[in-house]
file upload_14.tsv (TSV, C-alpha atoms and all ligand atoms)
chain	number	residue	atom	x	y	z
L	1	MET	CA	-10.43	11.69	-5.72
L	2	ARG	CA	-7.82	11.58	-3.00
L	3	LEU	CA	-7.82	8.28	-1.15
L	4	ILE	CA	-5.84	6.19	1.26
L	5	VAL	CA	-5.91	2.42	1.13
L	6	LEU	CA	-5.16	1.14	4.61
L	7	GLY	CA	-4.55	-2.37	5.90
L	8	PRO	CA	-1.92	-4.81	7.10
L	9	PRO	CA	0.85	-6.15	4.85
L	10	GLY	CA	-0.66	-8.66	2.42
L	11	ALA	CA	-4.19	-7.24	2.67
L	12	GLY	CA	-4.18	-6.41	-1.05
L	13	LYS	CA	-3.49	-2.67	-0.87
L	14	GLY	CA	-1.17	-2.64	-3.88
L	15	THR	CA	-3.42	-4.89	-5.95
L	16	GLN	CA	-6.51	-2.81	-5.25
L	17	ALA	CA	-4.60	0.45	-5.76
L	18	GLN	CA	-3.53	-0.79	-9.22
L	19	ARG	CA	-7.15	-1.62	-9.98
L	20	LEU	CA	-8.20	1.90	-8.96
L	21	VAL	CA	-5.46	3.35	-11.18
L	22	ALA	CA	-6.77	1.34	-14.16
L	23	ASN	CA	-10.49	1.99	-13.55
L	24	HIS	CA	-10.60	5.47	-12.03
L	25	GLY	CA	-7.57	7.26	-13.50
L	26	LEU	CA	-5.95	7.83	-10.11
L	27	VAL	CA	-2.18	7.95	-9.56
L	28	GLN	CA	-0.83	5.30	-7.16
L	29	LEU	CA	1.54	6.66	-4.51
L	30	SER	CA	3.19	3.68	-2.85
L	31	THR	CA	5.90	4.61	-0.35
L	32	GLY	CA	7.02	0.94	-0.38
L	33	ASP	CA	7.60	1.12	-4.17
L	34	MET	CA	9.35	4.49	-3.85
L	35	LEU	CA	11.61	3.17	-1.10
L	36	ARG	CA	12.41	-0.02	-3.07
L	37	ALA	CA	13.34	2.19	-6.05
L	38	ALA	CA	15.60	4.26	-3.76
L	39	VAL	CA	17.23	1.07	-2.44
L	40	ALA	CA	17.82	-0.20	-6.00
L	41	ALA	CA	19.29	3.18	-7.05
L	42	GLN	CA	21.43	3.30	-3.87
L	43	THR	CA	20.38	6.88	-3.11
L	44	PRO	CA	21.10	8.22	0.41
L	45	VAL	CA	17.46	7.45	1.36
L	46	GLY	CA	17.81	3.95	-0.11
L	47	LEU	CA	21.02	3.28	1.81
L	48	GLU	CA	19.31	4.37	5.04
L	49	ALA	CA	16.16	2.35	4.38
L	50	LYS	CA	17.57	-0.95	3.07
L	51	ALA	CA	18.34	-2.79	6.33
L	52	ILE	CA	15.26	-1.37	8.07
L	53	MET	CA	13.00	-2.69	5.31
L	54	GLU	CA	14.70	-6.07	5.17
L	55	ALA	CA	14.10	-6.46	8.91
L	56	GLY	CA	10.41	-5.54	8.49
L	57	ASN	CA	10.59	-2.34	10.57
L	58	LEU	CA	9.27	1.09	9.67
L	59	VAL	CA	11.51	3.65	7.98
L	60	PRO	CA	11.70	6.89	10.07
L	61	ASP	CA	8.71	9.21	9.71
L	62	GLY	CA	10.84	12.14	8.52
L	63	VAL	CA	12.15	10.12	5.57
L	64	VAL	CA	8.77	8.95	4.25
L	65	ILE	CA	7.06	12.29	4.96
L	66	GLY	CA	9.81	13.96	2.90
L	67	ILE	CA	9.27	11.54	0.01
L	68	ILE	CA	5.49	12.07	-0.02
L	69	SER	CA	5.78	15.82	0.41
L	70	ASP	CA	8.02	16.01	-2.70
L	71	ARG	CA	5.79	13.66	-4.69
L	72	LEU	CA	2.65	15.70	-3.93
L	73	GLU	CA	4.29	18.63	-5.74
L	74	ASP	CA	4.20	16.77	-9.06
L	75	ASP	CA	1.61	17.74	-11.69
L	76	ASP	CA	0.29	14.21	-12.26
L	77	VAL	CA	-1.16	13.94	-8.74
L	78	LYS	CA	-3.33	17.04	-9.18
L	79	SER	CA	-6.25	15.10	-10.66
L	80	GLY	CA	-6.33	12.60	-7.79
L	81	PHE	CA	-4.26	9.92	-6.12
L	82	ILE	CA	-4.40	6.83	-4.00
L	83	LEU	CA	-1.93	6.48	-1.17
L	84	ASP	CA	-0.83	2.87	-0.68
L	85	GLY	CA	1.31	2.21	2.41
L	86	PHE	CA	1.25	5.82	3.64
L	87	PRO	CA	0.46	7.04	6.26
L	88	ARG	CA	1.64	4.24	8.57
L	89	THR	CA	1.89	6.19	11.85
L	90	LEU	CA	-0.15	8.92	13.54
L	91	LYS	CA	2.74	11.33	12.95
L	92	GLN	CA	2.60	10.60	9.21
L	93	ALA	CA	-1.20	11.03	9.24
L	94	ASP	CA	-0.87	14.44	10.91
L	95	ALA	CA	1.83	15.47	8.42
L	96	LEU	CA	-0.44	14.44	5.55
L	97	GLU	CA	-3.31	16.53	6.97
L	98	THR	CA	-0.99	19.53	7.07
L	99	LEU	CA	0.33	18.96	3.54
L	100	LEU	CA	-3.17	18.60	2.08
L	101	SER	CA	-4.63	21.53	3.97
L	102	GLU	CA	-1.75	23.74	2.75
L	103	LYS	CA	-2.78	22.79	-0.78
L	104	ALA	CA	-6.51	23.12	0.08
L	105	VAL	CA	-7.17	19.61	-1.26
L	106	PRO	CA	-8.93	17.51	1.38
L	107	LEU	CA	-8.80	13.75	1.59
L	108	ASP	CA	-11.98	12.12	0.28
L	109	GLY	CA	-11.77	8.83	2.11
L	110	VAL	CA	-9.85	5.95	3.60
L	111	VAL	CA	-10.54	2.37	2.55
L	112	LEU	CA	-9.57	-0.19	5.19
L	113	LEU	CA	-8.99	-3.73	3.92
L	114	GLU	CA	-9.66	-6.29	6.66
L	115	VAL	CA	-7.97	-9.68	6.34
L	116	ASP	CA	-7.31	-12.43	8.96
L	117	ASP	CA	-3.70	-12.70	10.16
L	118	ASP	CA	-3.34	-16.35	9.02
L	119	ALA	CA	-4.44	-15.39	5.53
L	120	LEU	CA	-2.01	-12.45	5.47
L	121	ILE	CA	0.95	-14.70	6.17
L	122	LYS	CA	-0.12	-17.19	3.46
L	123	ARG	CA	-0.67	-14.40	0.95
L	124	VAL	CA	2.67	-12.71	1.55
L	125	ALA	CA	4.70	-15.93	1.57
L	126	GLY	CA	3.64	-16.88	-1.98
L	127	ARG	CA	3.57	-13.58	-3.81
L	128	PHE	CA	5.77	-12.51	-6.69
L	129	THR	CA	5.74	-9.91	-9.45
L	130	CYS	CA	6.79	-9.70	-13.07
L	131	ALA	CA	10.23	-8.08	-13.16
L	132	SER	CA	9.34	-6.39	-16.41
L	133	CYS	CA	5.81	-4.93	-16.02
L	134	GLY	CA	5.18	-5.31	-12.27
L	135	ALA	CA	2.04	-7.48	-12.61
L	136	GLY	CA	1.38	-9.26	-9.31
L	137	TYR	CA	0.92	-13.03	-8.87
L	138	HIS	CA	0.70	-15.65	-6.13
L	139	ASP	CA	1.96	-19.26	-6.18
L	140	THR	CA	-1.42	-20.63	-5.00
L	141	PHE	CA	-4.08	-17.94	-5.27
L	142	ASN	CA	-3.16	-16.20	-8.52
L	143	PRO	CA	-0.58	-18.14	-10.59
L	144	THR	CA	0.39	-17.15	-14.13
L	145	LYS	CA	-1.86	-18.82	-16.74
L	146	SER	CA	1.12	-20.39	-18.45
L	147	GLU	CA	3.91	-21.45	-16.09
L	148	GLY	CA	6.83	-19.04	-15.93
L	149	ILE	CA	5.32	-16.52	-18.38
L	150	CYS	CA	3.76	-13.21	-17.34
L	151	ASP	CA	0.10	-13.04	-18.49
L	152	ALA	CA	0.34	-9.29	-19.00
L	153	CYS	CA	3.59	-8.84	-20.95
L	154	GLY	CA	5.03	-12.29	-21.76
L	155	SER	CA	8.23	-11.79	-19.77
L	156	ALA	CA	9.83	-14.82	-18.11
L	157	GLU	CA	11.57	-12.79	-15.39
L	158	PHE	CA	9.94	-12.59	-11.97
L	159	LYS	CA	11.00	-11.25	-8.58
L	160	ARG	CA	10.11	-11.78	-4.92
L	161	ARG	CA	10.50	-9.17	-2.21
L	162	PRO	CA	13.25	-9.91	0.33
L	163	ASP	CA	10.85	-8.95	3.16
L	164	ASP	CA	8.13	-11.39	2.02
L	165	ASN	CA	9.12	-14.27	4.31
L	166	ALA	CA	7.40	-15.65	7.41
L	167	GLU	CA	9.91	-14.26	9.92
L	168	THR	CA	10.03	-10.70	8.57
L	169	MET	CA	6.28	-10.83	8.12
L	170	ARG	CA	5.85	-11.27	11.89
L	171	THR	CA	7.85	-8.05	12.50
L	172	ARG	CA	5.83	-6.25	9.81
L	173	LEU	CA	2.57	-7.36	11.42
L	174	GLN	CA	3.77	-6.18	14.83
L	175	ALA	CA	4.64	-2.79	13.32
L	176	TYR	CA	1.17	-2.68	11.76
L	177	TYR	CA	-0.70	-3.39	15.00
L	178	LYS	CA	1.49	-1.10	17.09
L	179	ASP	CA	1.94	1.91	14.82
L	180	THR	CA	-0.56	1.74	11.94
L	181	ALA	CA	-3.73	0.24	13.45
L	182	PRO	CA	-4.36	3.43	15.52
L	183	LEU	CA	-5.05	5.15	12.19
L	184	VAL	CA	-8.30	3.19	11.94
L	185	GLY	CA	-9.74	5.12	14.89
L	186	TYR	CA	-8.11	8.34	13.69
L	187	TYR	CA	-9.92	8.25	10.33
L	188	TYR	CA	-13.12	6.77	11.75
L	189	ALA	CA	-13.36	9.78	14.07
L	190	LYS	CA	-13.01	12.08	11.06
L	191	GLY	CA	-15.92	10.27	9.34
L	192	LYS	CA	-13.65	9.21	6.46
L	193	LEU	CA	-13.29	5.46	7.02
L	194	LYS	CA	-14.86	2.78	4.80
L	195	THR	CA	-14.20	-0.79	5.90
L	196	VAL	CA	-14.10	-3.48	3.23
L	197	ASP	CA	-13.85	-7.26	3.73
L	198	GLY	CA	-10.52	-8.06	2.09
L	199	MET	CA	-10.86	-11.85	2.40
L	200	ALA	CA	-12.78	-12.33	-0.85
L	201	ASP	CA	-11.24	-12.67	-4.34
L	202	ILE	CA	-9.63	-9.63	-6.03
L	203	GLU	CA	-12.66	-8.78	-8.21
L	204	SER	CA	-15.18	-9.02	-5.34
L	205	VAL	CA	-13.02	-6.84	-3.08
L	206	GLY	CA	-12.66	-4.36	-5.97
L	207	ALA	CA	-16.44	-4.27	-6.43
L	208	GLU	CA	-16.93	-3.62	-2.70
L	209	ILE	CA	-14.39	-0.77	-2.88
L	210	ASP	CA	-16.26	0.74	-5.86
L	211	THR	CA	-19.48	0.69	-3.80
L	212	ALA	CA	-17.67	2.36	-0.89
L	213	LEU	CA	-16.28	5.05	-3.22
L	214	ALA	CA	-19.70	5.72	-4.75
L	215	ASP	CA	-20.94	6.19	-1.19
L	216	LEU	CA	-18.17	8.71	-0.48
L	217	GLU	CA	-18.91	10.61	-3.69
L	218	GLY	CA	-22.67	10.53	-3.13
B	1	LIG	P1	5.12	-1.95	1.59
B	1	LIG	O1	5.55	-2.15	0.17
B	1	LIG	O2	4.07	-0.88	1.73
B	1	LIG	O3	4.74	-3.24	2.27
B	1	LIG	O4	6.40	-1.38	2.39
B	1	LIG	C1	7.58	-2.15	2.48
B	1	LIG	C2	8.45	-1.60	3.58
B	1	LIG	O5	8.81	-0.25	3.29
B	1	LIG	C3	7.79	-1.53	4.96
B	1	LIG	O6	7.87	-2.77	5.67
B	1	LIG	C4	8.63	-0.43	5.63
B	1	LIG	O7	9.91	-0.92	6.01
B	1	LIG	C5	8.84	0.54	4.47
B	1	LIG	N1	7.75	1.54	4.38
B	1	LIG	C6	6.87	1.70	3.35
B	1	LIG	N2	6.02	2.70	3.60
B	1	LIG	C7	6.36	3.20	4.82
B	1	LIG	C8	5.84	4.23	5.64
B	1	LIG	N3	4.77	4.97	5.25
B	1	LIG	N4	6.44	4.44	6.84
B	1	LIG	C9	7.51	3.73	7.25
B	1	LIG	N5	8.04	2.71	6.53
B	1	LIG	C10	7.48	2.45	5.32
call {"tool": "encode", "arguments": {"input": "upload_14.tsv", "output": "structure tokens", "more": "lines below"}}
Ligand code: AMP
result
Amino acid sequence: MRLIVLGPPGAGKGTQAQRLVANHGLVQLSTGDMLRAAVAAQTPVGLEAKAIMEAGNLVPDGVVIGIISDRLEDDDVKSGFILDGFPRTLKQADALETLLSEKAVPLDGVVLLEVDDDALIKRVAGRFTCASCGAGYHDTFNPTKSEGICDACGSAEFKRRPDDNAETMRTRLQAYYKDTAPLVGYYYAKGKLKTVDGMADIESVGAEIDTALADLEG
């Protein structure tokens, strides 16, 4: 399957994409992760993106379209993928249509995760990941079972994103409503949109996504 998971920052896109990777054998394509890797490696793209990301603004379309276009050439995406954090603008959505139609591999569906703004800010402010295996946690909603130790791999090293603070989050939300929210209508009009209530716990949201995917396949 070829899917997009759409929704504001903190809606659970990454968490649900990881679940789909584990349960459905899809490859996760997160432009946020790719850009953070480029920042860490200090590549030309990373140097261009660093300050933009830290301020909570969108990286230029040409940069992210280039990253995704290259990544879609790789063999591992041929059996299916889930786009997490891309497209984020109508221009990116149009570029994706072109890329996929050139490869004759249509998009199967778009899952929209709906979450209240207040909840988004609370979710983002408390989240952190294991520095070693990338498992995601939250101070309040999903703490590690044993304090300071990753449940998945036992590491004691964790990291927080520099853009996961209340002030930057406001800019990120503005970018979402201005540039990304129009994609809801764009995909609805194409008959590809499945809306899922993202307010519930991780497992319940995952189950609702599975139902939506079965619907798309059926
Ligand atoms: P994310 O991990 O998806 O929340 O993305 C983190 C940051 O990376 C965003 O706030 C943007 O600055 C940048 N970014 C990620 N994906 C895109 C995209 N598709 N278009 C523009 N900027 C992006």
call {"tool": "residues_around", "arguments": {"input": "upload_14.tsv", "residues": "Ala38 of chain L", "least_positions_apart": "3", "cutoff": "12 Å", "atoms": "all atoms listed in the file", "output": "MDAnalysis selection string"}}
result
chainID L and resid 31:35 41:50 53 63:64 67
call {"tool": "residues_near_ligand", "arguments": {"input": "upload_14.tsv", "ligand": "ligand LIG 1 (chain B)", "cutoff": "8 Å", "atoms": "all atoms listed in the file", "output": "PDB file with C-alpha atoms, keeping the file's coordinate frame"}}
result
ATOM      1  CA  PRO L   9       0.850  -6.150   4.850  1.00  0.00           C
ATOM      2  CA  GLY L  10      -0.660  -8.660   2.420  1.00  0.00           C
ATOM      3  CA  GLY L  14      -1.170  -2.640  -3.880  1.00  0.00           C
ATOM      4  CA  SER L  30       3.190   3.680  -2.850  1.00  0.00           C
ATOM      5  CA  THR L  31       5.900   4.610  -0.350  1.00  0.00           C
ATOM      6  CA  GLY L  32       7.020   0.940  -0.380  1.00  0.00           C
ATOM      7  CA  ASP L  33       7.600   1.120  -4.170  1.00  0.00           C
ATOM      8  CA  LEU L  35      11.610   3.170  -1.100  1.00  0.00           C
ATOM      9  CA  ARG L  36      12.410  -0.020  -3.070  1.00  0.00           C
ATOM     10  CA  ALA L  49      16.160   2.350   4.380  1.00  0.00           C
ATOM     11  CA  ILE L  52      15.260  -1.370   8.070  1.00  0.00           C
ATOM     12  CA  MET L  53      13.000  -2.690   5.310  1.00  0.00           C
ATOM     13  CA  GLU L  54      14.700  -6.070   5.170  1.00  0.00           C
ATOM     14  CA  ALA L  55      14.100  -6.460   8.910  1.00  0.00           C
ATOM     15  CA  GLY L  56      10.410  -5.540   8.490  1.00  0.00           C
ATOM     16  CA  ASN L  57      10.590  -2.340  10.570  1.00  0.00           C
ATOM     17  CA  LEU L  58       9.270   1.090   9.670  1.00  0.00           C
ATOM     18  CA  VAL L  59      11.510   3.650   7.980  1.00  0.00           C
ATOM     19  CA  PRO L  60      11.700   6.890  10.070  1.00  0.00           C
ATOM     20  CA  ASP L  61       8.710   9.210   9.710  1.00  0.00           C
ATOM     21  CA  VAL L  64       8.770   8.950   4.250  1.00  0.00           C
ATOM     22  CA  ILE L  65       7.060  12.290   4.960  1.00  0.00           C
ATOM     23  CA  ASP L  84      -0.830   2.870  -0.680  1.00  0.00           C
ATOM     24  CA  GLY L  85       1.310   2.210   2.410  1.00  0.00           C
ATOM     25  CA  PHE L  86       1.250   5.820   3.640  1.00  0.00           C
ATOM     26  CA  PRO L  87       0.460   7.040   6.260  1.00  0.00           C
ATOM     27  CA  ARG L  88       1.640   4.240   8.570  1.00  0.00           C
ATOM     28  CA  THR L  89       1.890   6.190  11.850  1.00  0.00           C
ATOM     29  CA  GLN L  92       2.600  10.600   9.210  1.00  0.00           C
ATOM     30  CA  ASP L 163      10.850  -8.950   3.160  1.00  0.00           C
ATOM     31  CA  ARG L 172       5.830  -6.250   9.810  1.00  0.00           C
TER      32      ARG L 172
END
call {"tool": "atom_distance", "arguments": {"input": "upload_14.tsv", "atom1": "atom CA of Arg127 of chain L", "atom2": "atom CA of Asp164 of chain L"}}
result
7.7 Å
call {"tool": "closest_residue", "arguments": {"input": "upload_14.tsv", "among": "L:Leu183, L:Ala95, L:Val105, L:Ala11", "to": "Asp118 of chain L", "atoms": "only C-alpha atoms"}}
result
L:Ala11
call {"tool": "atom_distance", "arguments": {"input": "upload_14.tsv", "atom1": "atom CA of Leu20 of chain L", "atom2": "atom CA of Asp74 of chain L"}}
result
19.4 Å
call {"tool": "atom_distance", "arguments": {"input": "upload_14.tsv", "atom1": "atom CA of Ala207 of chain L", "atom2": "atom CA of Asn23 of chain L"}}
result
11.2 Å
call {"tool": "residues_around", "arguments": {"input": "upload_14.tsv", "residues": "Glu114 of chain L", "least_positions_apart": "6", "cutoff": "9 Å", "atoms": "all atoms listed in the file", "output": "ChimeraX atom specification"}}
result
/L:6-8,11,195-199
call {"tool": "closest_residue", "arguments": {"input": "upload_14.tsv", "among": "L:Leu72, L:Ala214, L:Thr144, L:Tyr187", "to": "Ala156 of chain L", "atoms": "all atoms listed in the file"}}
result
L:Thr144
call {"tool": "closest_residue", "arguments": {"input": "upload_14.tsv", "among": "L:Lys178, L:Tyr186, L:Val115, L:Leu193", "to": "Asp94 of chain L", "atoms": "all atoms listed in the file"}}
result
L:Tyr186
call {"tool": "residues_near_point", "arguments": {"input": "upload_14.tsv", "point": "(8.4, -14.1, -11.0)", "cutoff": "9 Å", "atoms": "all atoms listed in the file", "output": "number ranges by chain"}}
result
L: 127-131, 136-137, 148-150, 156-160
call {"tool": "closest_residue", "arguments": {"input": "upload_14.tsv", "among": "L:Gly191, L:Gly109, L:Gly25, L:Gly134", "to": "Gly80 of chain L", "atoms": "all atoms listed in the file"}}
result
L:Gly25
call {"tool": "closest_residue", "arguments": {"input": "upload_14.tsv", "among": "L:Leu96, L:Ile209, L:Val111, L:Ala119", "to": "Met169 of chain L", "atoms": "only C-alpha atoms"}}
result
L:Ala119
call {"tool": "closest_residue", "arguments": {"input": "upload_14.tsv", "among": "L:Val21, L:Leu29, L:Val39, L:Ala152", "to": "Leu83 of chain L", "atoms": "only C-alpha atoms"}}
result
L:Leu29
call {"tool": "decode", "arguments": {"input": "upload_14.tsv", "residues": "segment 137-161 of chain L", "atoms": "N, CA and C atoms", "output": "JSON list (two decimals), in the first residue's frame"}}
result
[["chain", "number", "residue", "atom", "x", "y", "z"],
["L", 137, "TYR", "N", 8.21, 8.29, 23.63],
["L", 137, "TYR", "CA", 7.59, 8.34, 24.95],
["L", 137, "TYR", "C", 7.01, 9.72, 25.20],
["L", 138, "HIS", "N", 6.25, 9.82, 26.32],
["L", 138, "HIS", "CA", 5.72, 11.12, 26.74],
["L", 138, "HIS", "C", 5.75, 11.17, 28.26],
["L", 139, "ASP", "N", 6.16, 12.34, 28.81],
["L", 139, "ASP", "CA", 6.29, 12.49, 30.26],
["L", 139, "ASP", "C", 5.03, 12.02, 31.00],
["L", 140, "THR", "N", 3.85, 12.42, 30.49],
["L", 140, "THR", "CA", 2.59, 12.13, 31.18],
["L", 140, "THR", "C", 1.84, 10.97, 30.56],
["L", 141, "PHE", "N", 1.72, 10.96, 29.23],
["L", 141, "PHE", "CA", 0.80, 10.00, 28.59],
["L", 141, "PHE", "C", 1.43, 8.65, 28.29],
["L", 142, "ASN", "N", 2.75, 8.60, 28.20],
["L", 142, "ASN", "CA", 3.39, 7.33, 27.81],
["L", 142, "ASN", "C", 4.82, 7.28, 28.36],
["L", 143, "PRO", "N", 4.95, 7.29, 29.72],
["L", 143, "PRO", "CA", 6.30, 7.28, 30.29],
["L", 143, "PRO", "C", 6.97, 5.90, 30.13],
["L", 144, "THR", "N", 8.27, 5.86, 30.32],
["L", 144, "THR", "CA", 8.95, 4.55, 30.31],
["L", 144, "THR", "C", 8.47, 3.77, 31.53],
["L", 145, "LYS", "N", 8.45, 2.43, 31.43],
["L", 145, "LYS", "CA", 7.95, 1.61, 32.55],
["L", 145, "LYS", "C", 8.87, 1.78, 33.76],
["L", 146, "SER", "N", 10.17, 1.77, 33.50],
["L", 146, "SER", "CA", 11.11, 1.97, 34.60],
["L", 146, "SER", "C", 11.82, 3.30, 34.32],
["L", 147, "GLU", "N", 11.84, 4.19, 35.32],
["L", 147, "GLU", "CA", 12.27, 5.56, 35.06],
["L", 147, "GLU", "C", 13.68, 5.65, 34.48],
["L", 148, "GLY", "N", 13.80, 6.38, 33.37],
["L", 148, "GLY", "CA", 15.12, 6.60, 32.78],
["L", 148, "GLY", "C", 15.67, 5.45, 31.97],
["L", 149, "ILE", "N", 14.85, 4.39, 31.75],
["L", 149, "ILE", "CA", 15.33, 3.24, 30.96],
["L", 149, "ILE", "C", 14.34, 2.98, 29.82],
["L", 150, "CYS", "N", 14.87, 2.88, 28.60],
["L", 150, "CYS", "CA", 13.99, 2.63, 27.46],
["L", 150, "CYS", "C", 13.38, 1.23, 27.56],
["L", 151, "ASP", "N", 12.04, 1.13, 27.44],
["L", 151, "ASP", "CA", 11.36, -0.17, 27.50],
["L", 151, "ASP", "C", 11.84, -1.09, 26.39],
["L", 152, "ALA", "N", 12.10, -0.49, 25.21],
["L", 152, "ALA", "CA", 12.38, -1.31, 24.04],
["L", 152, "ALA", "C", 13.80, -1.85, 24.00],
["L", 153, "CYS", "N", 14.80, -1.01, 24.39],
["L", 153, "CYS", "CA", 16.19, -1.46, 24.20],
["L", 153, "CYS", "C", 17.07, -1.34, 25.45],
["L", 154, "GLY", "N", 16.52, -0.75, 26.54],
["L", 154, "GLY", "CA", 17.29, -0.69, 27.79],
["L", 154, "GLY", "C", 18.26, 0.48, 27.87],
["L", 155, "SER", "N", 18.30, 1.31, 26.83],
["L", 155, "SER", "CA", 19.23, 2.45, 26.86],
["L", 155, "SER", "C", 18.78, 3.48, 27.89],
["L", 156, "ALA", "N", 19.73, 4.25, 28.42],
["L", 156, "ALA", "CA", 19.39, 5.31, 29.37],
["L", 156, "ALA", "C", 19.55, 6.69, 28.75],
["L", 157, "GLU", "N", 19.76, 6.73, 27.44],
["L", 157, "GLU", "CA", 19.95, 8.00, 26.74],
["L", 157, "GLU", "C", 18.66, 8.38, 26.00],
["L", 158, "PHE", "N", 18.19, 9.58, 26.26],
["L", 158, "PHE", "CA", 16.96, 10.05, 25.59],
["L", 158, "PHE", "C", 17.22, 11.40, 24.95],
["L", 159, "LYS", "N", 16.35, 11.79, 24.00],
["L", 159, "LYS", "CA", 16.51, 13.13, 23.43],
["L", 159, "LYS", "C", 15.13, 13.78, 23.21],
["L", 160, "ARG", "N", 15.15, 15.11, 23.22],
["L", 160, "ARG", "CA", 13.95, 15.90, 22.94],
["L", 160, "ARG", "C", 14.23, 16.76, 21.73],
["L", 161, "ARG", "N", 13.22, 16.98, 20.89],
["L", 161, "ARG", "CA", 13.42, 17.81, 19.71],
["L", 161, "ARG", "C", 13.48, 19.28, 20.09]]
